[in-house]
Amino acid sequence: MTTEMTMQAPAIEVADLHKSFDDNHVLQGIDLTVPAGTVYALLGPNGAGKTTAVRILTTLISGDAGTATVLGHDVGTDPDAIRLRIGVTGQFSAIDELLTGRENLQLMADLNHLPRQQGRARAQELLERFDLVDAADRGAATYSGGMKRRLDLAMTLVSSPRLIFLDEPSTGLDPRSRRELWQIIRELINEGVTIFLTTQYLEEADELAHKVGVLDGGKLVAEGTPAELKRRVPGGRVDVTYADPAALDTAAGVIDGATSYEQSLILSIPHDGTLDALQQLIGRLDNSAVTGLEVHTPDLDDVFLALTGHRPQSAEDSPETTTETQMTEEVAR
Amino acid sequence: MSATIATTAPVNTGPNAVRDSWTMLRRNMLQMIRYKSLTLMLIAQPLIFLLLFVYVFGGTMGAGLPGGDGRSDYMAFIMPAIVVMTVVSVSLSTAYTIALDMEKGIVDRFRTMAIAKSAVLTGRVLGAIVFTVVAFVVVIAVAVLLGYRSDGTVLGWFGVIGLVLLMTLALTWATVALGLSAPNAETASNTPMPLMFLPFLSSGFVPTDSMPAGLRWFAEYQPFTPMIDTLRAWMSGADAGSDAWLAIGWCALIGIACYLWARGLYTKVRAH
């Protein structure tokens, strides 16, 4: 992000946006501004209204009330002007699996009316850039999940859009593919592309975004840089690992406000982040029983919990499998 | 990893119905080549019926035709129905492929691009026309190899080709609409199946006056009967008379109604 770019007109401006499907009020008055050249992450659990917001901004559906302007054009009255200038990678794979990777890119080049020669060169360039050269002339149906996602994103980039929408880009990807994807997104950011992404993974917003909007139940409950949001949660915690359950129980009885996790033998103690408090706490611990100690500064998970009263899904778990025990494990980690 | 991604300015100046439909047509042609099993099955379907009816039933059926005497007469009698089944067979695949597009995210991708709204659908219809022409040529060629001889005039055959194209337009818009209205691709491949059986309940395989009263009434008034009668007349060098106008009328009616239906369905975007 350069200061020069933030001086430009905002890439996205949304004011009091509402959308309902029958009796389901999916968006209940959203306001947000995304300066050109920055990355905005809309963070929220499933059903928070993230995809609906993206579908309105990418001209797929229209809002019921409020205004939304993308690159200076109103989504309702001038959709084609927006479509010419944006790139969209939706939640579901938008590739033609019967065609090869190269043919998919060529299709995008043709639909963007690139001259034949230029289109071919662009396809080749993107294949190289996204590490798909070896698979370029194979049917896309044979691609792995990570490759499909890369091809999907490459197709979005054929027209060299200055504003890209990514709806849950890393959902369903394994951790390695996710990191590869983040690397690509970071390179795009360096090239000055504006990115609007949605995610249910706090880690992802933290890694990529300049600004994060927390969406819950159709409302933006908080907005700010990842650092700003983290500051809104007072203090963190200290996780102390014990050698055996008896020692854990003893310690839990002595230290106020601590939560003990029997299975992982961890005692989680609230901590305000000051050195004094930490020294005091360490003084009270029984040296022979403690096997490990970890000071935990608040992350976006804690922010989310503080703001919405519930935890979002962890980045490493698929949405369906997040259960109470996994959250405990996450605390333990 | 040094090639920049976003340096060139967009050259697209906006939707262009002709160019975008042409691109979509090329995509569909590539799909047909890639999805060989489906393509071959669709062409094989009318051929299987041809072989079945000519060689299994043909001897008996031909003897039962008024003035007919055997297999070759029966073959000439059912050729129009086989041609109609060729058209239906190809159009059925359109319902499936359209529904498949809708099910995957690719139509949403097209919708967020500055391409002509109609291009996705017209590309499919144009693809079906090309496919039908290929299948039609194959079916006629196989029939000729099996001994089919036409008494039709050159003009009559131009009429046959024209009507085949019209039927393709009408039936493909119908299957496009069915494909768009189907919740998923599996349903889309099943819902239009009755279309495949309708030619049996027409004048296609037996004269309608050999049918029981209720069925006969249905067979005489359903749209495939005037189409088949017209094809039969032109393929055998006879005058189709008012049947031709009825056939063209049905095609126009089905085509326009289903085009409007399909366009409405495509414009009405799914909630999620």
# chains A, B, ... in the order shown; residues from 1 in each chain; ligands from 1
>>> interface_residues(of="chain A", to="chain B", cutoff="9 Å", atoms="only C-alpha atoms", output="number ranges by chain")
A: 21, 51-52, 55, 58-61, 79-96, 98-99, 103-104, 107, 110-115, 125-126, 128-130, 139, 156-162, 187-188, 191-193
>>> residues_around(residues="Tyr96 (chain B)", least_positions_apart="5", cutoff="7 Å", atoms="only C-alpha atoms", output="list in words")
Gly179, Ala185, Ala188 and Ser189 of chain B
>>> residues_around(residues="region 86-88 of chain B", least_positions_apart="3", cutoff="6 Å", atoms="only C-alpha atoms", output="mmCIF file with C-alpha atoms, in the first residue's frame")
data_model
loop_
_atom_site.group_PDB
_atom_site.id
_atom_site.type_symbol
_atom_site.label_atom_id
_atom_site.label_comp_id
_atom_site.auth_asym_id
_atom_site.auth_seq_id
_atom_site.Cartn_x
_atom_site.Cartn_y
_atom_site.Cartn_z
ATOM 1 C CA PRO B 46 -31.305 -42.651 -32.907
ATOM 2 C CA VAL B 83 -34.657 -37.742 -37.756
ATOM 3 C CA SER B 91 -31.446 -31.238 -27.379
ATOM 4 C CA THR B 132 -27.682 -31.719 -34.700
ATOM 5 C CA THR B 168 -33.697 -27.875 -33.215
#
>>> select_by_dssp(residues="region 50-195 of chain A", states="strand (DSSP E or B)", output="ChimeraX atom specification")
/A:65-70,73-74,86-89,100,139,163-167,194-195
>>> residues_around(residues="region 53-69 of chain B", least_positions_apart="4", cutoff="9 Å", atoms="only C-alpha atoms", output="PDB file with C-alpha atoms, in the first residue's frame")
ATOM      1  CA  ILE B  48     -29.994 -47.877 -32.187  1.00  0.00           C
ATOM      2  CA  PHE B  49     -33.683 -47.161 -32.659  1.00  0.00           C
ATOM      3  CA  ASP B  73     -40.838 -49.822 -46.879  1.00  0.00           C
ATOM      4  CA  TYR B  74     -40.931 -49.696 -43.104  1.00  0.00           C
ATOM      5  CA  MET B  75     -37.499 -48.087 -43.039  1.00  0.00           C
ATOM      6  CA  PHE B  77     -41.780 -44.958 -43.124  1.00  0.00           C
ATOM      7  CA  ILE B  78     -39.835 -44.454 -39.877  1.00  0.00           C
ATOM      8  CA  PHE B 205     -43.631 -45.604 -36.135  1.00  0.00           C
ATOM      9  CA  VAL B 206     -47.156 -46.719 -36.965  1.00  0.00           C
ATOM     10  CA  PRO B 207     -50.052 -44.978 -38.753  1.00  0.00           C
TER      11      PRO B 207
END
>>> select_by_dssp(residues="region 67-155 of chain A", states="alpha helix (DSSP H)", output="number ranges by chain")
A: 79-85, 101-111, 116-129, 145-155
>>> write_last_selection(atoms="C-alpha atoms", output="short mmCIF file (atom, residue, chain, number, x, y, z; two decimals), in the first residue's frame")
data_model
loop_
_atom_site.label_atom_id
_atom_site.label_comp_id
_atom_site.auth_asym_id
_atom_site.auth_seq_id
_atom_site.Cartn_x
_atom_site.Cartn_y
_atom_site.Cartn_z
CA PRO A 79 -23.23 -2.75 -13.76
CA ASP A 80 -21.43 -3.23 -17.09
CA ALA A 81 -18.91 -0.48 -16.28
CA ILE A 82 -18.11 -2.37 -13.08
CA ARG A 83 -17.99 -5.78 -14.76
CA LEU A 84 -15.39 -4.44 -17.22
CA ARG A 85 -13.04 -3.52 -14.41
CA GLY A 101 -6.27 -25.13 -17.96
CA ARG A 102 -4.98 -23.32 -21.03
CA GLU A 103 -8.37 -23.45 -22.76
CA ASN A 104 -10.04 -22.03 -19.65
CA LEU A 105 -7.65 -19.08 -19.69
CA GLN A 106 -8.07 -18.68 -23.45
CA LEU A 107 -11.86 -18.61 -22.94
CA MET A 108 -11.44 -15.74 -20.49
CA ALA A 109 -9.12 -13.93 -22.92
CA ASP A 110 -11.72 -14.29 -25.70
CA LEU A 111 -14.56 -13.11 -23.47
CA ARG A 116 -5.69 -13.60 -30.36
CA GLN A 117 -1.93 -13.18 -29.98
CA GLN A 118 -2.21 -11.17 -26.80
CA GLY A 119 -4.70 -13.64 -25.34
CA ARG A 120 -2.37 -16.57 -25.95
CA ALA A 121 0.55 -14.73 -24.39
CA ARG A 122 -1.56 -13.79 -21.38
CA ALA A 123 -2.67 -17.40 -20.88
CA GLN A 124 0.93 -18.62 -21.03
CA GLU A 125 2.09 -15.89 -18.66
CA LEU A 126 -0.56 -16.82 -16.09
CA LEU A 127 0.11 -20.55 -16.43
CA GLU A 128 3.75 -19.89 -15.62
CA ARG A 129 2.90 -17.48 -12.86
CA GLY A 145 -8.19 -28.71 -5.19
CA GLY A 146 -5.28 -26.31 -4.88
CA MET A 147 -4.63 -26.33 -8.64
CA LYS A 148 -8.29 -25.69 -9.39
CA ARG A 149 -8.22 -22.74 -7.02
CA ARG A 150 -5.10 -21.37 -8.69
CA LEU A 151 -6.63 -21.77 -12.14
CA ASP A 152 -9.81 -20.10 -10.86
CA LEU A 153 -7.80 -17.11 -9.65
CA ALA A 154 -5.71 -17.04 -12.83
CA MET A 155 -8.94 -16.85 -14.87
#
>>> atom_distance(atom1="CA of Pro45 (chain A)", atom2="CA of Gly217 (chain A)")
8.9 Å
>>> residues_around(residues="Ser203 (chain B)", least_positions_apart="6", cutoff="7 Å", atoms="only C-alpha atoms", output="JSON list (two decimals) with N, CA and C atoms, in the first residue's frame")
[["chain", "number", "residue", "atom", "x", "y", "z"],
["B", 219, "ALA", "N", -52.21, -38.71, -30.46],
["B", 219, "ALA", "CA", -51.17, -38.81, -31.48],
["B", 219, "ALA", "C", -51.43, -37.85, -32.64],
["B", 225, "THR", "N", -46.48, -35.00, -34.57],
["B", 225, "THR", "CA", -47.14, -35.64, -35.71],
["B", 225, "THR", "C", -47.08, -34.79, -36.98],
["B", 228, "ILE", "N", -43.47, -34.84, -38.22],
["B", 228, "ILE", "CA", -43.08, -36.11, -38.84],
["B", 228, "ILE", "C", -43.78, -36.29, -40.19]]
